[in-house]
Structures are given as C-alpha cells and as structure tokens.
$ cat query_38.txt   # compact mmCIF, C-alpha atoms and all ligand atoms
# COMPACT_ATOMS: atom_id res chain seq x y z
CA GLU O 14 0.00 0.00 0.00
CA ASN O 15 1.24 3.44 -0.95
CA THR O 16 1.57 5.55 2.21
CA GLU O 17 3.20 8.65 0.70
CA PRO O 18 0.30 11.00 -0.12
CA ARG O 19 0.16 12.28 -3.66
CA TRP O 20 -1.19 15.68 -2.64
CA SER O 21 -0.78 17.74 0.52
CA ARG O 22 -3.65 20.19 -0.07
CA VAL O 23 -6.87 19.16 -1.77
CA LEU O 24 -10.24 20.66 -2.57
CA LEU O 25 -12.95 18.12 -1.85
CA LYS O 26 -16.23 18.61 -3.70
CA LEU O 27 -19.16 16.90 -2.00
CA SER O 28 -22.43 16.70 -3.89
CA GLY O 29 -25.45 17.87 -1.94
CA GLU O 30 -27.30 14.76 -3.07
CA ALA O 31 -24.99 12.60 -0.99
CA PHE O 32 -26.10 14.42 2.18
CA ALA O 33 -29.65 13.12 1.83
CA GLY O 34 -28.52 9.49 2.20
CA GLY O 35 -31.32 7.27 0.91
CA ASP O 36 -33.79 10.15 0.89
CA ALA O 37 -34.39 12.49 -2.02
CA LEU O 38 -34.19 15.67 0.04
CA GLY O 39 -32.80 17.01 3.29
CA ILE O 40 -29.97 15.84 5.50
CA ASP O 41 -29.43 12.31 6.75
CA PRO O 42 -27.31 12.61 9.93
CA VAL O 43 -25.99 9.05 9.67
CA THR O 44 -24.67 9.71 6.15
CA VAL O 45 -23.20 13.12 6.96
CA SER O 46 -21.45 11.76 10.04
CA ALA O 47 -19.95 8.94 7.94
CA ILE O 48 -18.67 11.53 5.46
CA ALA O 49 -17.27 13.60 8.34
CA ARG O 50 -15.44 10.54 9.69
CA GLN O 51 -13.71 10.06 6.34
CA VAL O 52 -12.71 13.72 6.14
CA ALA O 53 -11.48 13.72 9.75
CA GLN O 54 -9.35 10.65 9.05
CA VAL O 55 -7.64 12.45 6.16
CA ALA O 56 -7.20 15.71 8.09
CA ARG O 57 -5.58 13.82 11.00
CA THR O 58 -2.83 12.60 8.67
CA GLY O 59 -1.79 16.21 8.03
CA ILE O 60 -3.43 16.64 4.63
CA GLU O 61 -4.91 20.13 4.23
CA VAL O 62 -8.56 19.81 3.25
CA ALA O 63 -10.81 22.52 1.83
CA ILE O 64 -14.38 21.55 0.97
CA VAL O 65 -17.08 22.84 -1.34
CA VAL O 66 -20.51 21.43 -0.59
CA GLY O 67 -23.29 21.29 -3.18
CA GLY O 68 -26.98 21.82 -2.55
CA GLY O 69 -28.78 19.35 -4.77
CA ASN O 70 -30.52 17.85 -1.70
CA MET O 71 -32.17 21.23 -1.07
CA PHE O 72 -32.78 23.29 -4.20
CA ARG O 73 -31.42 23.42 -7.72
CA GLY O 74 -31.98 26.81 -9.33
CA GLN O 75 -32.61 25.36 -12.75
CA ALA O 76 -35.28 22.95 -11.51
CA LEU O 77 -37.14 25.76 -9.73
CA ALA O 78 -36.82 28.01 -12.80
CA GLU O 79 -38.37 25.27 -14.96
CA ARG O 80 -41.35 25.41 -12.62
CA GLY O 81 -41.80 29.14 -13.07
CA MET O 82 -39.45 30.85 -10.62
CA ASP O 83 -37.06 33.59 -11.62
CA ARG O 84 -33.75 31.82 -12.30
CA ALA O 85 -31.51 34.20 -10.38
CA ARG O 86 -33.70 34.15 -7.26
CA ALA O 87 -33.97 30.36 -7.47
CA ASP O 88 -30.18 30.16 -7.71
CA TYR O 89 -29.84 32.23 -4.53
CA MET O 90 -32.11 29.69 -2.82
CA GLY O 91 -29.78 26.99 -4.11
CA MET O 92 -26.76 28.82 -2.69
CA LEU O 93 -28.45 29.17 0.70
CA GLY O 94 -29.07 25.42 0.67
CA THR O 95 -25.35 24.82 0.37
CA VAL O 96 -24.84 26.89 3.53
CA ILE O 97 -27.22 24.62 5.44
CA ASN O 98 -25.21 21.61 4.25
CA SER O 99 -21.95 23.35 5.19
CA LEU O 100 -23.16 23.94 8.75
CA ALA O 101 -24.27 20.33 9.09
CA LEU O 102 -20.91 19.03 7.87
CA ALA O 103 -19.02 21.46 10.15
CA ASP O 104 -20.97 20.17 13.12
CA PHE O 105 -20.18 16.52 12.42
CA LEU O 106 -16.52 17.35 11.71
CA GLU O 107 -16.21 19.16 15.05
CA ARG O 108 -17.69 16.07 16.75
CA GLU O 109 -14.87 14.07 15.19
CA GLY O 110 -12.43 16.49 16.83
CA THR O 111 -11.57 18.27 13.57
CA VAL O 112 -11.31 22.04 13.91
CA THR O 113 -13.46 23.47 11.12
CA ARG O 114 -14.30 26.89 9.71
CA VAL O 115 -17.16 27.72 7.36
CA GLN O 116 -16.72 30.63 4.96
CA THR O 117 -19.60 31.84 2.80
CA ALA O 118 -19.58 33.76 -0.46
CA ILE O 119 -22.75 35.56 0.68
CA ALA O 120 -21.99 37.39 3.94
CA MET O 121 -23.92 36.15 6.98
CA GLY O 122 -21.77 37.06 9.94
CA GLN O 123 -23.77 35.28 12.64
CA VAL O 124 -23.51 31.99 10.82
CA ALA O 125 -20.07 31.85 9.21
CA GLU O 126 -17.00 33.82 8.26
CA PRO O 127 -17.13 35.70 4.98
CA TYR O 128 -15.08 34.19 2.15
CA LEU O 129 -11.57 35.52 2.67
CA PRO O 130 -9.07 33.50 0.62
CA LEU O 131 -5.95 34.52 2.54
CA ARG O 132 -7.61 33.66 5.84
CA ALA O 133 -8.81 30.37 4.36
CA ILE O 134 -5.21 29.53 3.47
CA ARG O 135 -4.10 30.39 7.02
CA HIS O 136 -6.77 28.04 8.39
CA LEU O 137 -5.53 25.27 6.11
CA GLU O 138 -1.92 25.85 7.17
CA LYS O 139 -3.02 25.51 10.79
CA GLY O 140 -4.64 22.15 10.01
CA ARG O 141 -8.22 23.39 10.07
CA VAL O 142 -10.72 22.10 7.56
CA VAL O 143 -12.34 24.98 5.65
CA ILE O 144 -15.81 24.59 4.15
CA PHE O 145 -16.85 27.04 1.45
CA GLY O 146 -20.61 27.65 1.42
CA ALA O 147 -22.95 29.65 -0.87
CA GLY O 148 -21.08 28.67 -4.03
CA LEU O 149 -19.49 31.59 -5.82
CA GLY O 150 -22.20 33.89 -4.50
CA ALA O 151 -23.44 34.45 -8.04
CA PRO O 152 -26.37 32.92 -9.91
CA PHE O 153 -25.89 30.88 -13.12
CA PHE O 154 -22.90 29.06 -11.65
CA SER O 155 -22.62 25.63 -10.02
CA THR O 156 -20.83 24.32 -6.99
CA ASP O 157 -18.61 22.30 -9.36
CA THR O 158 -17.40 25.58 -10.86
CA THR O 159 -17.01 26.88 -7.31
CA ALA O 160 -14.87 23.85 -6.49
CA ALA O 161 -12.59 24.54 -9.46
CA GLN O 162 -12.29 28.26 -8.63
CA ARG O 163 -11.68 27.75 -4.90
CA ALA O 164 -9.12 25.00 -5.62
CA LEU O 165 -7.21 27.47 -7.78
CA GLU O 166 -7.49 30.37 -5.39
CA VAL O 167 -6.38 28.48 -2.26
CA LYS O 168 -3.70 26.68 -4.31
CA ALA O 169 -4.96 23.14 -3.83
CA GLN O 170 -3.23 20.51 -5.95
CA ALA O 171 -6.34 18.67 -7.04
CA VAL O 172 -10.12 18.67 -7.04
CA LEU O 173 -11.49 15.48 -5.51
CA LYS O 174 -15.04 15.13 -6.77
CA ALA O 175 -16.84 12.71 -4.51
CA THR O 176 -20.21 11.55 -5.81
CA LYS O 177 -22.65 8.67 -5.92
CA VAL O 178 -20.97 6.97 -8.91
CA ASP O 179 -17.55 5.32 -8.83
CA GLY O 180 -16.09 7.26 -11.76
CA VAL O 181 -16.86 8.50 -15.25
CA TYR O 182 -18.56 6.15 -17.74
CA ASP O 183 -19.03 6.33 -21.50
CA SER O 184 -22.79 6.02 -20.92
CA ASP O 185 -25.16 5.92 -17.94
CA PRO O 186 -24.30 2.74 -15.95
CA HIS O 187 -27.79 2.74 -14.41
CA THR O 188 -29.51 2.34 -17.77
CA ASN O 189 -26.74 0.66 -19.79
CA PRO O 190 -25.20 -2.46 -18.15
CA ALA O 191 -22.45 -2.45 -20.81
CA ALA O 192 -21.28 1.05 -19.82
CA VAL O 193 -17.49 1.27 -19.56
CA ARG O 194 -15.66 3.25 -16.87
CA PHE O 195 -12.66 5.38 -17.78
CA ASP O 196 -9.51 5.16 -15.61
CA THR O 197 -8.13 8.39 -17.07
CA LEU O 198 -9.43 11.13 -19.34
CA THR O 199 -8.15 14.42 -20.69
CA TYR O 200 -10.17 17.62 -20.26
CA GLY O 201 -10.55 17.73 -24.03
CA GLU O 202 -12.10 14.24 -24.11
CA VAL O 203 -14.54 15.21 -21.36
CA LEU O 204 -15.66 18.29 -23.28
CA ALA O 205 -15.69 16.68 -26.73
CA ARG O 206 -17.72 13.64 -25.60
CA GLY O 207 -19.96 15.68 -23.33
CA LEU O 208 -19.15 13.36 -20.41
CA LYS O 209 -20.91 14.20 -17.16
CA VAL O 210 -17.93 14.87 -14.92
CA MET O 211 -18.55 18.49 -14.00
CA ASP O 212 -20.23 21.23 -16.04
CA ALA O 213 -18.29 22.72 -18.95
CA THR O 214 -17.45 25.93 -17.05
CA ALA O 215 -15.78 23.93 -14.30
CA ILE O 216 -13.94 21.67 -16.74
CA SER O 217 -12.61 24.61 -18.77
CA LEU O 218 -11.37 26.34 -15.65
CA CYS O 219 -9.50 23.19 -14.61
CA MET O 220 -8.21 22.67 -18.15
CA ASP O 221 -6.87 26.23 -18.48
CA ASN O 222 -4.99 25.82 -15.21
CA ALA O 223 -4.03 22.12 -15.39
CA MET O 224 -5.93 21.33 -12.19
CA PRO O 225 -6.37 17.54 -11.92
CA ILE O 226 -9.81 16.14 -11.03
CA VAL O 227 -10.46 12.76 -9.43
CA VAL O 228 -14.05 11.50 -9.65
CA PHE O 229 -14.86 8.72 -7.20
CA ASP O 230 -17.55 7.13 -5.05
CA LEU O 231 -17.92 8.96 -1.75
CA LEU O 232 -19.86 6.35 0.17
CA THR O 233 -17.17 3.66 0.10
CA GLU O 234 -15.49 4.09 3.48
CA GLY O 235 -11.87 5.28 3.15
CA ASN O 236 -12.20 6.48 -0.45
CA ILE O 237 -11.31 10.11 0.27
CA SER O 238 -8.05 8.92 1.80
CA ARG O 239 -7.42 6.62 -1.17
CA ALA O 240 -7.98 9.50 -3.58
CA VAL O 241 -5.53 11.71 -1.65
CA ARG O 242 -2.90 8.98 -1.73
CA GLY O 243 -3.32 8.67 -5.49
CA GLU O 244 -4.59 5.09 -5.41
CA LYS O 245 -6.30 4.00 -8.60
CA ILE O 246 -9.90 4.67 -7.73
CA GLY O 247 -12.52 6.24 -9.96
CA THR O 248 -11.45 8.39 -12.90
CA LEU O 249 -8.56 10.86 -13.12
CA VAL O 250 -9.09 13.83 -15.45
CA SER O 251 -5.87 15.68 -16.31
CA VAL O 252 -3.84 17.06 -19.20
N1 LIG O 301 -25.63 27.91 -7.20
C1 LIG O 301 -25.46 29.14 -7.83
N2 LIG O 301 -24.19 29.67 -7.92
C2 LIG O 301 -23.09 29.03 -7.44
C3 LIG O 301 -23.26 27.75 -6.85
C4 LIG O 301 -24.53 27.22 -6.73
O1 LIG O 301 -26.41 29.75 -8.28
O2 LIG O 301 -21.98 29.57 -7.54
C5 LIG O 301 -27.00 27.37 -7.00
C6 LIG O 301 -27.60 26.71 -8.24
O3 LIG O 301 -28.97 27.00 -8.28
C7 LIG O 301 -27.40 25.24 -7.94
C8 LIG O 301 -27.60 25.18 -6.45
O4 LIG O 301 -27.00 26.39 -5.98
O5 LIG O 301 -28.32 24.43 -8.62
C9 LIG O 301 -27.01 23.97 -5.76
O6 LIG O 301 -25.71 23.70 -6.21
P1 LIG O 301 -25.36 22.44 -7.16
O7 LIG O 301 -26.52 22.16 -8.08
O8 LIG O 301 -24.05 22.73 -7.78
O9 LIG O 301 -25.25 21.28 -6.10
P2 LIG O 301 -24.84 19.73 -6.26
O10 LIG O 301 -25.31 19.27 -7.61
O11 LIG O 301 -23.35 19.63 -6.16
O12 LIG O 301 -25.50 19.04 -5.12
$ encode --input "query_38.txt" --output "structure tokens"
Amino acid sequence: ENTEPRWSRVLLKLSGEAFAGGDALGIDPVTVSAIARQVAQVARTGIEVAIVVGGGNMFRGQALAERGMDRARADYMGMLGTVINSLALADFLEREGTVTRVQTAIAMGQVAEPYLPLRAIRHLEKGRVVIFGAGLGAPFFSTDTTAAQRALEVKAQAVLKATKVDGVYDSDPHTNPAAVRFDTLTYGEVLARGLKVMDATAISLCMDNAMPIVVFDLLTEGNISRAVRGEKIGTLVSV
C-alpha cells in the first residue's frame, strides 16, 4: 500500500445529493457523520482539506426556474441550501475532533466567516478544515465551478469530486449495463464527448490551469483517503 500522499492540499467537492442518504431531500445525519469521519481521518494525517458542498438535496436553481421561478432568485435559494449543508458538515466534523471553519460567499456574519481566501489559506496551514458555502455567491454558476475556482485560489493541488458513482462512464451505468468506466481522461475528451464529470465551465477552468480532477464514489469508506494517496480509484481527469 502506498503511504506517501500524492497531494498535501486538496479541494474536496461533495455533492449535496450525498447528504440526503437514501432520501431524495434534506440531510441524513448518519450519512453526513460517515462523510465527516472520512474527512477527519484524512485531516488527521496532516493533509490540508478545503471543501465545497453542493446543494442538490435542497434546491437546484434550474429545476425551480423550470417550474416558473425567476432563475436568479432560485439560484440564490440553491446557494443558501449549500450553507445549510456546510453547517451540518461542520458540526459533524467538530464532533470528530476536527477544527473546522465555514466561509460563505454571501456574507452572513452570525452563521459563518465571509469568504476571505488569505484567511482560508491560514486556516488550512493551521490544520483546520475549511468549508466554502454559498457557491461563488453568483447565480448561473454551479458548486462544481465553485470547487474549481476555490481550488485554484487556495492553491490546492487537485479537485477530488466525490459523488454517488464510482467514476466517469461512457454512458449511464444505471440504464446501460455495458457502460465502460474510464480510468483516465483528458479535459478535451470530457468536453468533446460531453461526459458528465462536471459542467463545462468547471472543466474549462480546470483545463486552463491544469488542475487535476479525481471522480470517485464517496460512500465507500476510506475512499477520500485513497484519492488523496493517489490510489487508482474512480477516474482521473488531467492534461
Ligand atoms: N448555485 C449558484 N451559484 C453558485 C453555486 C450554486 O447559483 O456559484 C445554486 C444553483 O442554483 C445550484 C444550487 O445552488 O443548482 C445547488 O448547487 P449544485 O446544483 O451545484 O449542487 P450539487 O449538484 O453539487 O449538489
């Protein structure tokens, strides 16, 4: 087993969907505490961990807009959902003994620190986990794009995209049993084939800055640590 970690500072992207556990919506404490345990395990080994949490278990702006809401306002609801998830994760991380700070792109001083990149880096250097809530603070973006941007700004070495699937496939593995999983991909292949890794804005940002992305299954215990150590799990997207 490889014990030398591949990266010393990572940006972990957690999909909001994962927070709901078996439910469609809301927060499942058992699932969030299991995620927190994995993150705490990695943080204890001295890896600096910054996290962007999605909000798909609360609201997706696009889905609300399709049902008649103004898109921008619906997106702000989506961003606020990510803050709720961030607070839940912070709570379970603190229970694991991991010192955690939440920073939000929409200022809400009673709830969290404002997003201050230099302070976020200081937290990371001190071994604190930093969770970035409220996305980029701007409608028409996603938390995947937020993950790419925050990874670049806090100088993480990789985006670890933890989801419900164990990598990137050439077709939907739920509907096509013959779907094939990729071990590695280039950004260009992802864009050209329209593969559902992250949205095109996020992929382009990573491509322009050679930020590697690892897509893997979050709910397999120990996977975050495996991804950090560079074990062959999921799909690696790079140059
Ligand atoms: N969102 C936004 N700007 C951002 C990040 C998120 O408007 O910078 C909104 C958008 O409506 C999105 C929702 O927040 O649908 C939840 O985020 P996302 O869909 O990325 O969550 P995930 O799919 O990762 O759970």
$ residues_around --input "query_38.txt" --residues "His136 (chain O)" --least-positions-apart "4" --cutoff "12 Å" --atoms "all atoms listed in the file" --output "ChimeraX atom specification"
/O:22,61-63,112-116,126,129-132,140-144,167
$ atom_distance --input "query_38.txt" --atom1 "atom C8 of ligand LIG 301 (chain O)" --atom2 "CA of Leu249 (chain O)"
24.7 Å
$ closest_atom_pairs --input "query_38.txt" --of "chain O" --to "ligand LIG 301 (chain O)" --cutoff "9 Å" --atoms "all atoms listed in the file" --output "Markdown table"
| residue | atom | partner | partner_atom | distance |
| --- | --- | --- | --- | --- |
| O:Lys26 | CA | O:LIG301 | O11 | 7.6 |
| O:Leu27 | CA | O:LIG301 | O11 | 6.5 |
| O:Ser28 | CA | O:LIG301 | O11 | 3.8 |
| O:Gly29 | CA | O:LIG301 | O12 | 3.4 |
| O:Glu30 | CA | O:LIG301 | O12 | 5.1 |
| O:Ala31 | CA | O:LIG301 | O12 | 7.7 |
| O:Phe32 | CA | O:LIG301 | O12 | 8.7 |
| O:Val65 | CA | O:LIG301 | O11 | 8.5 |
| O:Val66 | CA | O:LIG301 | O11 | 6.5 |
| O:Gly67 | CA | O:LIG301 | O11 | 3.4 |
| O:Gly68 | CA | O:LIG301 | C9 | 3.9 |
| O:Gly69 | CA | O:LIG301 | O12 | 3.3 |
| O:Asn70 | CA | O:LIG301 | O12 | 6.2 |
| O:Met71 | CA | O:LIG301 | C9 | 7.5 |
| O:Phe72 | CA | O:LIG301 | C8 | 6.0 |
| O:Arg73 | CA | O:LIG301 | O5 | 3.4 |
| O:Gly74 | CA | O:LIG301 | O3 | 3.2 |
| O:Gln75 | CA | O:LIG301 | O3 | 6.0 |
| O:Ala76 | CA | O:LIG301 | O5 | 7.7 |
| O:Leu77 | CA | O:LIG301 | O3 | 8.4 |
| O:Arg84 | CA | O:LIG301 | O3 | 7.9 |
| O:Ala85 | CA | O:LIG301 | O1 | 7.1 |
| O:Arg86 | CA | O:LIG301 | O1 | 8.6 |
| O:Ala87 | CA | O:LIG301 | O3 | 6.1 |
| O:Asp88 | CA | O:LIG301 | O3 | 3.4 |
| O:Tyr89 | CA | O:LIG301 | O1 | 5.7 |
| O:Met90 | CA | O:LIG301 | O3 | 6.8 |
| O:Gly91 | CA | O:LIG301 | O4 | 3.4 |
| O:Met92 | CA | O:LIG301 | O4 | 4.1 |
| O:Leu93 | CA | O:LIG301 | O4 | 7.4 |
| O:Gly94 | CA | O:LIG301 | C9 | 6.9 |
| O:Thr95 | CA | O:LIG301 | C9 | 6.4 |
| O:Ala118 | CA | O:LIG301 | O2 | 8.6 |
| O:Gly146 | CA | O:LIG301 | C3 | 8.7 |
| O:Ala147 | CA | O:LIG301 | C3 | 6.3 |
| O:Gly148 | CA | O:LIG301 | C3 | 3.7 |
| O:Leu149 | CA | O:LIG301 | O2 | 3.6 |
| O:Gly150 | CA | O:LIG301 | O2 | 5.3 |
| O:Ala151 | CA | O:LIG301 | N2 | 4.8 |
| O:Pro152 | CA | O:LIG301 | O1 | 3.6 |
| O:Phe153 | CA | O:LIG301 | O1 | 5.0 |
| O:Phe154 | CA | O:LIG301 | N2 | 4.0 |
| O:Ser155 | CA | O:LIG301 | C3 | 3.9 |
| O:Thr156 | CA | O:LIG301 | O8 | 3.7 |
| O:Asp157 | CA | O:LIG301 | O8 | 5.7 |
| O:Thr158 | CA | O:LIG301 | O2 | 6.9 |
| O:Thr159 | CA | O:LIG301 | O2 | 5.7 |
| O:Thr176 | CA | O:LIG301 | O11 | 8.7 |
$ write_last_selection --input "query_38.txt" --atoms "C-alpha atoms" --output "PDB file, in the coordinates of the input"
ATOM      1  CA  LYS O  26     -16.230  18.610  -3.700  1.00  0.00           C
ATOM      2  CA  LEU O  27     -19.160  16.900  -2.000  1.00  0.00           C
ATOM      3  CA  SER O  28     -22.430  16.700  -3.890  1.00  0.00           C
ATOM      4  CA  GLY O  29     -25.450  17.870  -1.940  1.00  0.00           C
ATOM      5  CA  GLU O  30     -27.300  14.760  -3.070  1.00  0.00           C
ATOM      6  CA  ALA O  31     -24.990  12.600  -0.990  1.00  0.00           C
ATOM      7  CA  PHE O  32     -26.100  14.420   2.180  1.00  0.00           C
ATOM      8  CA  VAL O  65     -17.080  22.840  -1.340  1.00  0.00           C
ATOM      9  CA  VAL O  66     -20.510  21.430  -0.590  1.00  0.00           C
ATOM     10  CA  GLY O  67     -23.290  21.290  -3.180  1.00  0.00           C
ATOM     11  CA  GLY O  68     -26.980  21.820  -2.550  1.00  0.00           C
ATOM     12  CA  GLY O  69     -28.780  19.350  -4.770  1.00  0.00           C
ATOM     13  CA  ASN O  70     -30.520  17.850  -1.700  1.00  0.00           C
ATOM     14  CA  MET O  71     -32.170  21.230  -1.070  1.00  0.00           C
ATOM     15  CA  PHE O  72     -32.780  23.290  -4.200  1.00  0.00           C
ATOM     16  CA  ARG O  73     -31.420  23.420  -7.720  1.00  0.00           C
ATOM     17  CA  GLY O  74     -31.980  26.810  -9.330  1.00  0.00           C
ATOM     18  CA  GLN O  75     -32.610  25.360 -12.750  1.00  0.00           C
ATOM     19  CA  ALA O  76     -35.280  22.950 -11.510  1.00  0.00           C
ATOM     20  CA  LEU O  77     -37.140  25.760  -9.730  1.00  0.00           C
ATOM     21  CA  ARG O  84     -33.750  31.820 -12.300  1.00  0.00           C
ATOM     22  CA  ALA O  85     -31.510  34.200 -10.380  1.00  0.00           C
ATOM     23  CA  ARG O  86     -33.700  34.150  -7.260  1.00  0.00           C
ATOM     24  CA  ALA O  87     -33.970  30.360  -7.470  1.00  0.00           C
ATOM     25  CA  ASP O  88     -30.180  30.160  -7.710  1.00  0.00           C
ATOM     26  CA  TYR O  89     -29.840  32.230  -4.530  1.00  0.00           C
ATOM     27  CA  MET O  90     -32.110  29.690  -2.820  1.00  0.00           C
ATOM     28  CA  GLY O  91     -29.780  26.990  -4.110  1.00  0.00           C
ATOM     29  CA  MET O  92     -26.760  28.820  -2.690  1.00  0.00           C
ATOM     30  CA  LEU O  93     -28.450  29.170   0.700  1.00  0.00           C
ATOM     31  CA  GLY O  94     -29.070  25.420   0.670  1.00  0.00           C
ATOM     32  CA  THR O  95     -25.350  24.820   0.370  1.00  0.00           C
ATOM     33  CA  ALA O 118     -19.580  33.760  -0.460  1.00  0.00           C
ATOM     34  CA  GLY O 146     -20.610  27.650   1.420  1.00  0.00           C
ATOM     35  CA  ALA O 147     -22.950  29.650  -0.870  1.00  0.00           C
ATOM     36  CA  GLY O 148     -21.080  28.670  -4.030  1.00  0.00           C
ATOM     37  CA  LEU O 149     -19.490  31.590  -5.820  1.00  0.00           C
ATOM     38  CA  GLY O 150     -22.200  33.890  -4.500  1.00  0.00           C
ATOM     39  CA  ALA O 151     -23.440  34.450  -8.040  1.00  0.00           C
ATOM     40  CA  PRO O 152     -26.370  32.920  -9.910  1.00  0.00           C
ATOM     41  CA  PHE O 153     -25.890  30.880 -13.120  1.00  0.00           C
ATOM     42  CA  PHE O 154     -22.900  29.060 -11.650  1.00  0.00           C
ATOM     43  CA  SER O 155     -22.620  25.630 -10.020  1.00  0.00           C
ATOM     44  CA  THR O 156     -20.830  24.320  -6.990  1.00  0.00           C
ATOM     45  CA  ASP O 157     -18.610  22.300  -9.360  1.00  0.00           C
ATOM     46  CA  THR O 158     -17.400  25.580 -10.860  1.00  0.00           C
ATOM     47  CA  THR O 159     -17.010  26.880  -7.310  1.00  0.00           C
ATOM     48  CA  THR O 176     -20.210  11.550  -5.810  1.00  0.00           C
TER      49      THR O 176
END
$ closest_residue --input "query_38.txt" --among "O:Val96, O:Ile48, O:Leu137, O:Val250" --to "Asp196 (chain O)" --atoms "only C-alpha atoms"
O:Val250
$ residues_around --input "query_38.txt" --residues "Val241 (chain O)" --least-positions-apart "6" --cutoff "7 Å" --atoms "all atoms listed in the file" --output "list in words"
Pro18, Arg19 and Trp20 of chain O
$ write_last_selection --input "query_38.txt" --atoms "C-alpha atoms" --output "PDB file, in the coordinates of the input"
ATOM      1  CA  PRO O  18       0.300  11.000  -0.120  1.00  0.00           C
ATOM      2  CA  ARG O  19       0.160  12.280  -3.660  1.00  0.00           C
ATOM      3  CA  TRP O  20      -1.190  15.680  -2.640  1.00  0.00           C
TER       4      TRP O  20
END
$ atom_distance --input "query_38.txt" --atom1 "CA of Arg206 (chain O)" --atom2 "CA of Thr188 (chain O)"
18.1 Å
$ atom_distance --input "query_38.txt" --atom1 "CA of Val55 (chain O)" --atom2 "CA of Ile246 (chain O)"
16.1 Å
$ closest_residue --input "query_38.txt" --among "O:Phe145, O:Ala175, O:Gln123, O:Gly35" --to "Glu234 (chain O)" --atoms "all atoms listed in the file"
O:Ala175
$ closest_residue --input "query_38.txt" --among "O:Ala223, O:Phe105, O:Ala160, O:Ser184" --to "Thr44 (chain O)" --atoms "only C-alpha atoms"
O:Phe105
$ closest_residue --input "query_38.txt" --among "O:Asn189, O:Thr214, O:Thr111, O:Asn236" --to "Gly59 (chain O)" --atoms "only C-alpha atoms"
O:Thr111
$ residues_around --input "query_38.txt" --residues "Leu173 (chain O)" --least-positions-apart "6" --cutoff "8 Å" --atoms "all atoms listed in the file" --output "PyMOL selection string"
chain O and resi 23-26+226-229+237+240
$ closest_residue --input "query_38.txt" --among "O:Gly180, O:Leu232, O:Gln162, O:Gly243" --to "Ala215 (chain O)" --atoms "all atoms listed in the file"
O:Gln162
$ closest_residue --input "query_38.txt" --among "O:Met224, O:Val181, O:Ala33, O:Ile216" --to "Lys168 (chain O)" --atoms "only C-alpha atoms"
O:Met224
$ residues_near_point --input "query_38.txt" --point "(-18.8, 4.3, -8.8)" --cutoff "7 Å" --atoms "all atoms listed in the file" --output "mmCIF file with C-alpha atoms, in the frame of the given file"
data_model
loop_
_atom_site.group_PDB
_atom_site.id
_atom_site.type_symbol
_atom_site.label_atom_id
_atom_site.label_comp_id
_atom_site.auth_asym_id
_atom_site.auth_seq_id
_atom_site.Cartn_x
_atom_site.Cartn_y
_atom_site.Cartn_z
ATOM 1 C CA LYS O 177 -22.650 8.670 -5.920
ATOM 2 C CA VAL O 178 -20.970 6.970 -8.910
ATOM 3 C CA ASP O 179 -17.550 5.320 -8.830
ATOM 4 C CA GLY O 180 -16.090 7.260 -11.760
ATOM 5 C CA PHE O 229 -14.860 8.720 -7.200
ATOM 6 C CA ASP O 230 -17.550 7.130 -5.050
ATOM 7 C CA GLY O 247 -12.520 6.240 -9.960
#
